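Source file structure_12.cif; content: mmCIF, C-alpha atoms.
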```cif
data_query
#
loop_
_atom_site.label_atom_id
_atom_site.label_comp_id
_atom_site.auth_asym_id
_atom_site.auth_seq_id
_atom_site.Cartn_x
_atom_site.Cartn_y
_atom_site.Cartn_z
CA MET J 1 -20.40 -110.93 46.42
CA GLY J 2 -22.12 -113.12 43.86
CA ASN J 3 -25.33 -111.07 43.15
CA ASN J 4 -24.48 -110.75 39.47
CA TYR J 5 -21.88 -113.50 39.13
CA ASN J 6 -21.02 -116.96 40.35
CA THR J 7 -17.49 -116.50 41.65
CA ALA J 8 -14.68 -119.01 42.09
CA ILE J 9 -11.02 -119.37 42.93
CA ILE J 10 -9.12 -121.90 40.82
CA MET J 11 -5.74 -123.16 42.02
CA GLU J 12 -2.94 -124.81 40.05
CA GLY J 13 -0.76 -127.51 41.63
CA GLY J 14 3.01 -127.86 41.51
CA ALA J 15 4.03 -129.69 44.72
CA LEU J 16 5.56 -127.18 47.15
CA ARG J 17 5.19 -124.36 44.64
CA GLY J 18 1.69 -124.44 46.14
CA ILE J 19 3.12 -122.55 49.12
CA PHE J 20 2.82 -119.48 46.86
CA THR J 21 -0.93 -120.15 46.72
CA CYS J 22 -1.02 -120.38 50.54
CA GLY J 23 0.24 -116.80 50.68
CA VAL J 24 -2.45 -115.67 48.26
CA ILE J 25 -5.37 -117.37 50.00
CA ASP J 26 -4.27 -116.18 53.44
CA VAL J 27 -4.47 -112.56 52.24
CA LEU J 28 -7.93 -113.25 50.78
CA LEU J 29 -9.09 -114.77 54.08
CA GLU J 30 -7.64 -111.91 56.12
CA ASN J 31 -9.59 -109.44 53.98
CA GLY J 32 -12.86 -111.34 54.10
CA ILE J 33 -12.87 -112.11 50.37
CA THR J 34 -15.06 -115.14 49.75
CA PHE J 35 -16.13 -117.16 46.72
CA ASP J 36 -19.11 -119.24 45.71
CA GLY J 37 -16.84 -122.08 44.64
CA ALA J 38 -13.25 -123.28 44.54
CA ALA J 39 -11.31 -125.89 42.61
CA GLY J 40 -7.81 -127.17 43.20
CA ILE J 41 -5.49 -129.57 41.45
CA SER J 42 -2.81 -131.54 43.30
CA ALA J 43 -1.09 -129.11 45.72
CA GLY J 44 -3.75 -126.60 44.75
CA ALA J 45 -6.23 -128.99 46.36
CA VAL J 46 -4.34 -130.26 49.43
CA LEU J 47 -3.11 -126.77 50.32
CA GLY J 48 -5.99 -124.84 48.80
CA CYS J 49 -8.61 -126.68 50.89
CA ASN J 50 -7.56 -124.44 53.79
CA ILE J 51 -9.52 -121.62 52.19
CA LYS J 52 -12.76 -123.54 52.82
CA SER J 53 -11.75 -124.44 56.39
CA LYS J 54 -10.68 -120.79 56.83
CA GLN J 55 -7.37 -121.79 58.48
CA ILE J 56 -5.09 -118.84 57.90
CA GLY J 57 -1.41 -119.83 58.04
CA ARG J 58 -1.98 -123.59 58.27
CA GLY J 59 -0.39 -124.54 54.94
CA LEU J 60 2.73 -122.53 55.69
CA ARG J 61 2.86 -123.60 59.34
CA TYR J 62 3.05 -127.35 58.90
CA ASN J 63 5.37 -127.14 55.91
CA LEU J 64 7.83 -125.04 57.92
CA LYS J 65 7.56 -127.36 60.91
CA TYR J 66 7.85 -130.69 59.11
CA CYS J 67 9.85 -129.92 55.95
CA LYS J 68 12.90 -131.75 57.35
CA ASP J 69 10.87 -134.55 58.95
CA LYS J 70 11.38 -137.85 57.12
CA ARG J 71 7.85 -138.86 58.10
CA TYR J 72 6.56 -136.12 55.79
CA HIS J 73 8.44 -136.86 52.58
CA SER J 74 11.57 -138.91 51.93
CA ILE J 75 13.25 -141.34 49.57
CA LYS J 76 12.93 -143.88 52.40
CA SER J 77 9.14 -143.50 52.25
CA LEU J 78 9.21 -143.89 48.46
CA ARG J 79 11.24 -147.09 48.70
CA LYS J 80 9.24 -148.51 51.57
CA THR J 81 5.69 -147.53 50.61
CA GLY J 82 5.76 -146.39 46.99
CA ASP J 83 4.87 -142.83 48.03
CA LEU J 84 7.38 -139.99 48.24
CA PHE J 85 4.95 -138.10 50.50
CA ASN J 86 4.13 -140.55 53.28
CA VAL J 87 0.41 -141.32 53.22
CA GLU J 88 -0.04 -142.18 56.92
CA PHE J 89 1.69 -138.98 57.99
CA CYS J 90 0.18 -136.60 55.40
CA TYR J 91 -3.40 -137.82 55.49
CA ASN J 92 -3.79 -139.07 59.06
CA GLU J 93 -1.18 -137.87 61.54
CA LEU J 94 -1.00 -134.34 60.18
CA PRO J 95 -4.69 -133.42 59.68
CA ASN J 96 -6.05 -135.45 62.60
CA LYS J 97 -3.40 -134.96 65.30
CA LEU J 98 -0.49 -132.60 64.56
CA ASP J 99 -2.11 -129.64 62.79
CA ILE J 100 -5.80 -130.45 62.93
CA PHE J 101 -7.89 -129.77 59.85
CA ASP J 102 -11.04 -127.90 60.85
CA THR J 103 -13.67 -130.19 59.35
CA ASP J 104 -16.53 -128.39 61.14
CA THR J 105 -15.74 -125.07 59.48
CA PHE J 106 -15.03 -126.82 56.20
CA LYS J 107 -18.42 -128.55 56.29
CA ASN J 108 -20.34 -125.43 57.33
CA ASN J 109 -18.73 -123.11 54.79
CA PRO J 110 -21.25 -122.83 51.91
CA MET J 111 -18.48 -122.44 49.34
CA LYS J 112 -18.30 -125.55 47.15
CA PHE J 113 -14.86 -127.14 46.86
CA TYR J 114 -13.75 -129.48 44.07
CA CYS J 115 -10.52 -131.41 43.65
CA GLY J 116 -9.37 -132.80 40.34
CA THR J 117 -7.82 -136.20 39.69
CA THR J 118 -6.83 -138.27 36.66
CA GLN J 119 -8.63 -141.58 36.19
CA VAL J 120 -6.18 -144.36 35.37
CA SER J 121 -8.57 -146.34 33.16
CA THR J 122 -9.35 -143.40 30.88
CA GLY J 123 -6.54 -140.87 31.35
CA LYS J 124 -9.28 -138.25 31.75
CA ALA J 125 -9.92 -135.69 34.49
CA VAL J 126 -12.42 -136.64 37.20
CA PHE J 127 -13.58 -134.13 39.82
CA HIS J 128 -14.87 -134.79 43.33
CA GLU J 129 -16.77 -132.30 45.45
CA CYS J 130 -15.30 -132.30 48.95
CA ILE J 131 -18.21 -131.58 51.31
CA THR J 132 -17.24 -132.67 54.82
CA GLY J 133 -13.44 -132.95 54.86
CA ASP J 134 -13.81 -136.53 56.13
CA GLU J 135 -11.77 -139.64 55.27
CA THR J 136 -13.41 -139.97 51.86
CA ASP J 137 -12.60 -136.38 50.95
CA LEU J 138 -9.02 -136.86 52.18
CA LEU J 139 -8.73 -139.92 49.94
CA TRP J 140 -9.75 -137.85 46.93
CA LEU J 141 -7.37 -135.05 47.95
CA ARG J 142 -4.59 -137.63 48.21
CA ALA J 143 -5.46 -138.92 44.73
CA SER J 144 -5.39 -135.37 43.38
CA ALA J 145 -1.82 -134.94 44.66
CA SER J 146 -0.44 -138.41 43.84
CA MET J 147 2.34 -137.47 41.44
CA PRO J 148 3.13 -140.07 38.77
CA ILE J 149 6.06 -142.44 39.36
CA VAL J 150 6.64 -141.24 42.94
CA SER J 151 3.15 -142.20 44.18
CA ARG J 152 0.98 -145.29 44.20
CA VAL J 153 -2.28 -145.35 42.31
CA VAL J 154 -5.12 -144.46 44.72
CA GLU J 155 -8.01 -146.91 44.62
CA ILE J 156 -11.49 -145.39 45.02
CA ASP J 157 -14.71 -147.27 44.27
CA ASN J 158 -12.95 -149.97 42.22
CA ASP J 159 -11.09 -147.52 40.03
CA GLY J 160 -7.62 -146.01 40.20
CA TYR J 161 -6.64 -142.35 40.28
CA LEU J 162 -3.48 -140.27 40.10
CA ASP J 163 -2.47 -136.60 40.13
CA GLY J 164 -5.08 -134.30 38.62
CA GLY J 165 -2.41 -132.27 36.85
CA ILE J 166 -1.80 -135.12 34.41
CA ALA J 167 -5.12 -134.51 32.67
CA ASN J 168 -6.08 -130.97 33.72
CA SER J 169 -3.59 -128.63 35.38
CA VAL J 170 -5.92 -125.63 35.83
CA PRO J 171 -9.66 -126.47 35.87
CA TYR J 172 -11.07 -123.13 34.69
CA GLU J 173 -13.13 -124.85 31.98
CA PHE J 174 -14.62 -127.31 34.50
CA MET J 175 -15.69 -124.44 36.76
CA GLU J 176 -17.04 -122.36 33.88
CA ASN J 177 -19.15 -125.34 32.80
CA LEU J 178 -20.62 -125.43 36.31
CA GLY J 179 -21.67 -121.81 35.90
CA TYR J 180 -18.81 -119.98 37.66
CA ASN J 181 -18.32 -117.00 35.40
CA ARG J 182 -16.19 -114.62 37.48
CA ASN J 183 -12.99 -116.39 38.45
CA LEU J 184 -9.66 -115.78 40.16
CA ILE J 185 -7.01 -118.14 38.79
CA VAL J 186 -3.91 -118.71 40.93
CA LEU J 187 -0.94 -120.13 39.02
CA THR J 188 2.42 -121.27 40.38
CA ARG J 189 4.50 -120.51 37.28
CA PRO J 190 5.40 -117.04 35.98
CA LYS J 191 3.75 -115.46 32.94
CA GLY J 192 4.97 -116.95 29.68
CA TYR J 193 6.00 -120.30 31.15
CA ARG J 194 5.39 -123.24 28.81
CA LYS J 195 6.23 -126.91 29.26
CA LYS J 196 8.55 -128.83 26.96
CA LYS J 197 8.33 -132.44 25.86
CA THR J 198 9.49 -134.80 28.59
CA LYS J 199 13.05 -136.07 28.49
CA HIS J 200 12.00 -139.24 30.32
CA LYS J 201 9.91 -141.01 27.66
CA PHE J 202 11.53 -144.40 28.30
CA LEU J 203 10.93 -144.21 32.05
CA ILE J 204 7.29 -143.18 31.57
CA LYS J 205 6.64 -145.90 28.99
CA HIS J 206 8.25 -148.49 31.26
CA PHE J 207 6.50 -147.34 34.45
CA PHE J 208 3.06 -147.11 32.86
CA LYS J 209 3.31 -150.03 30.42
CA LYS J 210 0.19 -151.58 32.00
CA MET J 211 -1.62 -148.22 32.11
CA PRO J 212 -1.69 -147.05 28.47
CA LYS J 213 -4.18 -144.21 28.99
CA ILE J 214 -2.12 -142.66 31.79
CA LYS J 215 1.07 -143.18 29.79
CA ASP J 216 -0.41 -141.26 26.84
CA ALA J 217 -1.74 -138.51 29.13
CA VAL J 218 1.65 -138.04 30.82
CA LEU J 219 3.49 -137.95 27.49
CA ASN J 220 1.03 -135.44 26.07
CA ARG J 221 0.77 -133.31 29.21
CA TYR J 222 3.10 -130.58 27.91
CA SER J 223 0.79 -129.94 24.95
CA GLU J 224 -2.38 -129.82 27.06
CA TYR J 225 -0.72 -127.60 29.66
CA ASN J 226 0.49 -125.12 27.05
CA LYS J 227 -2.98 -125.00 25.51
CA GLU J 228 -4.44 -124.22 28.95
CA MET J 229 -1.90 -121.42 29.50
CA ASP J 230 -2.77 -119.90 26.11
CA GLU J 231 -6.47 -119.96 27.00
CA ILE J 232 -5.83 -118.47 30.45
CA ASP J 233 -3.80 -115.65 28.86
CA GLU J 234 -6.73 -115.03 26.52
CA ARG J 235 -9.22 -114.93 29.42
CA GLU J 236 -6.93 -112.56 31.30
CA ASN J 237 -6.53 -110.23 28.31
CA LYS J 238 -10.29 -110.11 27.79
CA GLY J 239 -10.93 -109.42 31.48
CA ILE J 240 -12.96 -112.62 31.87
CA SER J 241 -10.69 -113.99 34.60
CA LEU J 242 -8.23 -112.40 37.01
CA VAL J 243 -4.89 -114.21 37.20
CA ILE J 244 -2.35 -114.13 40.02
CA ARG J 245 0.99 -115.75 39.32
CA PRO J 246 4.56 -115.49 40.65
CA PRO J 247 6.53 -112.57 39.19
CA LYS J 248 9.45 -114.94 38.62
CA ALA J 249 10.23 -118.66 38.70
CA LEU J 250 9.85 -119.98 42.24
CA ASP J 251 13.08 -121.11 43.89
CA ILE J 252 11.62 -124.14 45.65
CA SER J 253 11.87 -127.88 45.03
CA LYS J 254 9.05 -130.45 45.15
CA THR J 255 10.35 -131.70 48.50
CA GLU J 256 11.91 -128.48 49.81
CA LYS J 257 13.72 -128.87 53.14
CA ASN J 258 14.91 -125.28 53.49
CA PRO J 259 12.47 -123.30 55.69
CA LYS J 260 13.80 -120.00 54.32
CA LYS J 261 12.84 -120.96 50.77
CA ILE J 262 9.39 -122.07 51.93
CA GLN J 263 8.87 -118.79 53.79
CA ALA J 264 10.13 -116.77 50.82
CA THR J 265 7.71 -118.55 48.48
CA TYR J 266 4.82 -117.87 50.85
CA ASP J 267 5.85 -114.22 51.20
CA LEU J 268 5.93 -113.87 47.43
CA GLY J 269 2.32 -115.11 47.27
CA ARG J 270 1.27 -112.69 50.01
CA ASN J 271 3.01 -109.79 48.32
CA GLU J 272 1.36 -110.46 44.96
CA ALA J 273 -2.08 -110.69 46.58
CA LEU J 274 -1.55 -107.54 48.66
CA LYS J 275 -0.22 -105.64 45.66
CA ARG J 276 -3.36 -106.51 43.72
CA LEU J 277 -5.89 -106.38 46.54
CA ASP J 278 -7.70 -103.31 45.20
CA GLU J 279 -7.79 -104.89 41.74
CA ILE J 280 -9.27 -108.09 43.20
CA LYS J 281 -11.94 -106.14 45.08
CA LYS J 282 -12.84 -104.19 41.96
CA PHE J 283 -12.99 -107.34 39.84
CA PHE J 284 -15.44 -108.94 42.26
CA ASN J 285 -17.37 -105.72 42.99
CA ILE J 286 -16.38 -105.70 46.66
CA GLU J 287 -16.73 -102.41 48.47
CA SER J 288 -13.58 -101.36 50.31
#
```

What would the structure in this file look like if it were written as structure tokens?
Amino acid sequence: MGNNYNTAIIMEGGALRGIFTCGVIDVLLENGITFDGAAGISAGAVLGCNIKSKQIGRGLRYNLKYCKDKRYHSIKSLRKTGDLFNVEFCYNELPNKLDIFDTDTFKNNPMKFYCGTTQVSTGKAVFHECITGDETDLLWLRASASMPIVSRVVEIDNDGYLDGGIANSVPYEFMENLGYNRNLIVLTRPKGYRKKKTKHKFLIKHFFKKMPKIKDAVLNRYSEYNKEMDEIDERENKGISLVIRPPKALDISKTEKNPKKIQATYDLGRNEALKRLDEIKKFFNIES
């Protein structure tokens, strides 16, 4: 694949809605479908990186195992550390000891992998290419998934970063500008979903009063997101990109503790990918 096109998979975030994406990428891995590049935002990065390390089932596995574990995510962690998802557990204990992230495979896989963040000083999207899966890459992945208000700002090279979805929820334009012109876009909202203006303006203005660029980006996110969805629909209708999305709204919370809901979300992703497997192969000129 890739003789006539530069191919990519592009993955939206959405906290544990990203379990849907895990189902999709596992089917792709099981069927030997590869890409020249990949880009993920937030959960699309921290769960989607398993496509480069080729770890089928990993994203589902540790979420099922630790969904009720207060070390993973809890209000106690938020109060104590400023992070709803505990940093030490998520970015050290989990990938280095409990469900080891395969950095060797990640590093040796020629597919390029980018994660998107939002720079605090500008409110703009900044992308990092994760090459080795080492501590630096994990820091950028953490920044990509650091949801506003429930996460601390992540400091990297004397600048601060937060969740990539604030500035750019689905980085199809970023990948197209890099030359990827045949793309699979994985969304975690059903077709037709559009965001509304936030009901929490006061909270956002108060929380980000010393970060005016982030404040403006968060308040304007609904408009940027809806514009992206319109452009993705247009790409899909023209056959420029292939889009996989849930057939209905996902019944899963950002900090889901019910293993059955996590499994059901994963199964939904698998089912959508399996249902469209022949279409995916045709789109990327893969012989059956």

In terms of the shortest atom-to-atom distance over only C-alpha atoms, which of J:Ile131, J:Ile156, J:Ala143, J:Ile232 is closest to Val186 of chain J? J:Ile232

Between atom CA of Lys54 of chain J and atom CA of Phe106 of chain J, what distance in Å does the model show, to one decimal?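 So the two atoms, atom CA of Lys54 of chain J and atom CA of Phe106 of chain J, lie 7.5 Å apart.
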
Residues matched by the PyMOL selection byres ((chain J and resi 48) around 10) as an MDAnalysis selection string: chainID J and resid 9:13 18:19 21:22 24:26 38:47 49:53 59 113 115

Which is closer to Lys68 of chain J than all the others in J:Asn237, J:Asn258, J:Thr117, J:Ser151, using all atoms listed in the file? J:Asn258

Near Ile75 of chain J, within 9 Å and counting only C-alpha atoms, which residues show up once chain neighbours fewer than 4 positions away are dropped, as a tab-separated table (two decimals) with C-alpha atoms, in the frame of the given file?
```tsv
chain	number	residue	atom	x	y	z
J	70	LYS	CA	11.38	-137.85	57.12
J	79	ARG	CA	11.24	-147.09	48.70
J	80	LYS	CA	9.24	-148.51	51.57
J	83	ASP	CA	4.87	-142.83	48.03
J	84	LEU	CA	7.38	-139.99	48.24
J	85	PHE	CA	4.95	-138.10	50.50
```

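Interatomic distance, atom CA of Ala249 of chain J against atom CA of Arg189 of chain J: 6.2 Å.
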
Exercise: segment 265-279 of chain J partners within 8 Å, all atoms listed in the file, chain neighbours under 2 positions left out, as number ranges by chain: J: 17, 19-24, 26-28, 60, 244-246, 250-252, 261-263, 281-283

Store the residues of this selection in a file with C-alpha atoms, as a short mmCIF file (atom, residue, chain, number, x, y, z; two decimals), keeping the file's coordinate frame.
```
data_model
loop_
_atom_site.label_atom_id
_atom_site.label_comp_id
_atom_site.auth_asym_id
_atom_site.auth_seq_id
_atom_site.Cartn_x
_atom_site.Cartn_y
_atom_site.Cartn_z
CA ARG J 17 5.19 -124.36 44.64
CA ILE J 19 3.12 -122.55 49.12
CA PHE J 20 2.82 -119.48 46.86
CA THR J 21 -0.93 -120.15 46.72
CA CYS J 22 -1.02 -120.38 50.54
CA GLY J 23 0.24 -116.80 50.68
CA VAL J 24 -2.45 -115.67 48.26
CA ASP J 26 -4.27 -116.18 53.44
CA VAL J 27 -4.47 -112.56 52.24
CA LEU J 28 -7.93 -113.25 50.78
CA LEU J 60 2.73 -122.53 55.69
CA ILE J 244 -2.35 -114.13 40.02
CA ARG J 245 0.99 -115.75 39.32
CA PRO J 246 4.56 -115.49 40.65
CA LEU J 250 9.85 -119.98 42.24
CA ASP J 251 13.08 -121.11 43.89
CA ILE J 252 11.62 -124.14 45.65
CA LYS J 261 12.84 -120.96 50.77
CA ILE J 262 9.39 -122.07 51.93
CA GLN J 263 8.87 -118.79 53.79
CA LYS J 281 -11.94 -106.14 45.08
CA LYS J 282 -12.84 -104.19 41.96
CA PHE J 283 -12.99 -107.34 39.84
#
```

In Å, how far is it from atom CA of Arg221 of chain J to atom CA of Gly165 of chain J?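 Rounded to one decimal, the two atoms are 8.3 Å apart.
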
To test the calculation: enclose all listed atoms of segment 81-84 of chain J in a box whose edges run along x, y and z, add 3 Å on each side, then state centre and edge lengths in Å to one decimal, as AutoDock Vina command-line options.
```
--center_x 6.1 --center_y -143.8 --center_z 48.8 --size_x 8.5 --size_y 13.5 --size_z 9.6
```

Using all atoms listed in the file, pick whichever of J:His73, J:Lys238, J:Arg182, J:Lys215 has the shortest atom-to-atom distance to Ile280 of chain J. J:Arg182

Just so the selection is clear, what residues does the PyMOL selection byres ((chain J and resi 200-212) around 9) cover here, as a list in words?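 Applied to this file, the PyMOL selection byres ((chain J and resi 200-212) around 9) selects Val120, Ser121, Thr122, Gly123, Pro148, Ile149, Lys197, Thr198, Lys199, Lys213, Ile214, Lys215, Asp216, Ala217, Val218 and Leu219 of chain J.
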
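The residue that comes closest to Thr255 of chain J, out of J:Val243, J:Val150, J:Ala167, J:Val126 and on the basis of only C-alpha atoms, is J:Val150.
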
Between J:Ser253, J:Asn168, J:Gln55, J:Ser241, which residue has the minimum interatomic distance to Glu224 of chain J, considering all atoms listed in the file?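 Among J:Ser253, J:Asn168, J:Gln55, J:Ser241, it is J:Asn168 that comes nearest to Glu224 of chain J.
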
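Compared by their closest atoms to Ile185 of chain J, and using only C-alpha atoms, the residues J:Cys130, J:Val170, J:Leu16, J:Leu141 rank with J:Val170 nearest.
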
Considering all atoms listed in the file, return as a count of residues only whatever protein or nucleic-acid residues lie within 10 Å of Trp140 of chain J, sequence-local ones (same chain, fewer than 4 positions apart) excluded. 20

Rebuild N, CA and C atoms on segment 57-88 of chain J, as a PDB file, in the frame of the given file?
```pdb
ATOM      1  N   GLY J  57      -2.761-119.465  57.601  1.00  0.00           N
ATOM      2  CA  GLY J  57      -1.410-119.830  58.040  1.00  0.00           C
ATOM      3  C   GLY J  57      -1.151-121.318  58.153  1.00  0.00           C
ATOM      4  N   ARG J  58      -2.181-122.162  58.034  1.00  0.00           N
ATOM      5  CA  ARG J  58      -1.980-123.590  58.270  1.00  0.00           C
ATOM      6  C   ARG J  58      -1.028-124.225  57.250  1.00  0.00           C
ATOM      7  N   GLY J  59      -1.238-123.941  55.973  1.00  0.00           N
ATOM      8  CA  GLY J  59      -0.390-124.540  54.940  1.00  0.00           C
ATOM      9  C   GLY J  59       1.074-124.195  55.115  1.00  0.00           C
ATOM     10  N   LEU J  60       1.354-122.943  55.431  1.00  0.00           N
ATOM     11  CA  LEU J  60       2.730-122.530  55.690  1.00  0.00           C
ATOM     12  C   LEU J  60       3.250-123.177  56.962  1.00  0.00           C
ATOM     13  N   ARG J  61       2.435-123.161  58.015  1.00  0.00           N
ATOM     14  CA  ARG J  61       2.860-123.600  59.340  1.00  0.00           C
ATOM     15  C   ARG J  61       3.392-125.037  59.338  1.00  0.00           C
ATOM     16  N   TYR J  62       2.604-125.956  58.802  1.00  0.00           N
ATOM     17  CA  TYR J  62       3.050-127.350  58.900  1.00  0.00           C
ATOM     18  C   TYR J  62       4.179-127.672  57.908  1.00  0.00           C
ATOM     19  N   ASN J  63       4.251-126.918  56.820  1.00  0.00           N
ATOM     20  CA  ASN J  63       5.370-127.140  55.910  1.00  0.00           C
ATOM     21  C   ASN J  63       6.681-126.624  56.498  1.00  0.00           C
ATOM     22  N   LEU J  64       6.631-125.512  57.232  1.00  0.00           N
ATOM     23  CA  LEU J  64       7.830-125.040  57.920  1.00  0.00           C
ATOM     24  C   LEU J  64       8.248-126.011  59.020  1.00  0.00           C
ATOM     25  N   LYS J  65       7.271-126.507  59.755  1.00  0.00           N
ATOM     26  CA  LYS J  65       7.560-127.360  60.910  1.00  0.00           C
ATOM     27  C   LYS J  65       8.080-128.735  60.514  1.00  0.00           C
ATOM     28  N   TYR J  66       7.542-129.289  59.434  1.00  0.00           N
ATOM     29  CA  TYR J  66       7.850-130.690  59.110  1.00  0.00           C
ATOM     30  C   TYR J  66       8.653-130.876  57.826  1.00  0.00           C
ATOM     31  N   CYS J  67       9.159-129.791  57.230  1.00  0.00           N
ATOM     32  CA  CYS J  67       9.850-129.920  55.950  1.00  0.00           C
ATOM     33  C   CYS J  67      11.088-130.818  56.019  1.00  0.00           C
ATOM     34  N   LYS J  68      11.708-130.900  57.195  1.00  0.00           N
ATOM     35  CA  LYS J  68      12.900-131.750  57.350  1.00  0.00           C
ATOM     36  C   LYS J  68      12.572-133.099  57.984  1.00  0.00           C
ATOM     37  N   ASP J  69      11.316-133.323  58.273  1.00  0.00           N
ATOM     38  CA  ASP J  69      10.870-134.550  58.950  1.00  0.00           C
ATOM     39  C   ASP J  69      10.705-135.665  57.914  1.00  0.00           C
ATOM     40  N   LYS J  70      11.427-136.751  58.092  1.00  0.00           N
ATOM     41  CA  LYS J  70      11.380-137.850  57.120  1.00  0.00           C
ATOM     42  C   LYS J  70      10.025-138.540  57.102  1.00  0.00           C
ATOM     43  N   ARG J  71       9.200-138.299  58.117  1.00  0.00           N
ATOM     44  CA  ARG J  71       7.850-138.860  58.100  1.00  0.00           C
ATOM     45  C   ARG J  71       6.985-138.147  57.062  1.00  0.00           C
ATOM     46  N   TYR J  72       7.348-136.928  56.720  1.00  0.00           N
ATOM     47  CA  TYR J  72       6.560-136.120  55.790  1.00  0.00           C
ATOM     48  C   TYR J  72       6.828-136.553  54.348  1.00  0.00           C
ATOM     49  N   HIS J  73       8.063-136.400  53.912  1.00  0.00           N
ATOM     50  CA  HIS J  73       8.440-136.860  52.580  1.00  0.00           C
ATOM     51  C   HIS J  73       9.905-137.285  52.611  1.00  0.00           C
ATOM     52  N   SER J  74      10.200-138.392  51.938  1.00  0.00           N
ATOM     53  CA  SER J  74      11.570-138.910  51.930  1.00  0.00           C
ATOM     54  C   SER J  74      11.716-140.017  50.894  1.00  0.00           C
ATOM     55  N   ILE J  75      12.950-140.227  50.470  1.00  0.00           N
ATOM     56  CA  ILE J  75      13.250-141.340  49.570  1.00  0.00           C
ATOM     57  C   ILE J  75      12.981-142.664  50.292  1.00  0.00           C
ATOM     58  N   LYS J  76      13.206-142.672  51.608  1.00  0.00           N
ATOM     59  CA  LYS J  76      12.930-143.880  52.400  1.00  0.00           C
ATOM     60  C   LYS J  76      11.445-144.241  52.294  1.00  0.00           C
ATOM     61  N   SER J  77      10.572-143.246  52.379  1.00  0.00           N
ATOM     62  CA  SER J  77       9.140-143.500  52.250  1.00  0.00           C
ATOM     63  C   SER J  77       8.812-144.026  50.858  1.00  0.00           C
ATOM     64  N   LEU J  78       9.443-143.448  49.838  1.00  0.00           N
ATOM     65  CA  LEU J  78       9.210-143.890  48.460  1.00  0.00           C
ATOM     66  C   LEU J  78       9.601-145.351  48.292  1.00  0.00           C
ATOM     67  N   ARG J  79      10.764-145.710  48.824  1.00  0.00           N
ATOM     68  CA  ARG J  79      11.240-147.090  48.700  1.00  0.00           C
ATOM     69  C   ARG J  79      10.381-148.070  49.496  1.00  0.00           C
ATOM     70  N   LYS J  80       9.973-147.619  50.665  1.00  0.00           N
ATOM     71  CA  LYS J  80       9.240-148.510  51.570  1.00  0.00           C
ATOM     72  C   LYS J  80       7.764-148.638  51.222  1.00  0.00           C
ATOM     73  N   THR J  81       7.145-147.528  50.808  1.00  0.00           N
ATOM     74  CA  THR J  81       5.690-147.530  50.610  1.00  0.00           C
ATOM     75  C   THR J  81       5.256-147.300  49.169  1.00  0.00           C
ATOM     76  N   GLY J  82       6.155-146.755  48.348  1.00  0.00           N
ATOM     77  CA  GLY J  82       5.760-146.390  46.990  1.00  0.00           C
ATOM     78  C   GLY J  82       5.270-144.956  46.885  1.00  0.00           C
ATOM     79  N   ASP J  83       5.309-144.225  48.009  1.00  0.00           N
ATOM     80  CA  ASP J  83       4.870-142.830  48.030  1.00  0.00           C
ATOM     81  C   ASP J  83       5.969-141.938  48.580  1.00  0.00           C
ATOM     82  N   LEU J  84       6.377-140.948  47.790  1.00  0.00           N
ATOM     83  CA  LEU J  84       7.380-139.990  48.240  1.00  0.00           C
ATOM     84  C   LEU J  84       6.868-139.207  49.440  1.00  0.00           C
ATOM     85  N   PHE J  85       5.603-138.745  49.358  1.00  0.00           N
ATOM     86  CA  PHE J  85       4.950-138.100  50.500  1.00  0.00           C
ATOM     87  C   PHE J  85       4.202-139.187  51.266  1.00  0.00           C
ATOM     88  N   ASN J  86       4.637-139.431  52.505  1.00  0.00           N
ATOM     89  CA  ASN J  86       4.130-140.550  53.280  1.00  0.00           C
ATOM     90  C   ASN J  86       2.636-140.409  53.576  1.00  0.00           C
ATOM     91  N   VAL J  87       1.862-141.391  53.150  1.00  0.00           N
ATOM     92  CA  VAL J  87       0.410-141.320  53.220  1.00  0.00           C
ATOM     93  C   VAL J  87      -0.091-141.262  54.661  1.00  0.00           C
ATOM     94  N   GLU J  88       0.420-142.131  55.526  1.00  0.00           N
ATOM     95  CA  GLU J  88      -0.040-142.180  56.920  1.00  0.00           C
ATOM     96  C   GLU J  88       0.209-140.844  57.613  1.00  0.00           C
TER      97      GLU J  88
END
```
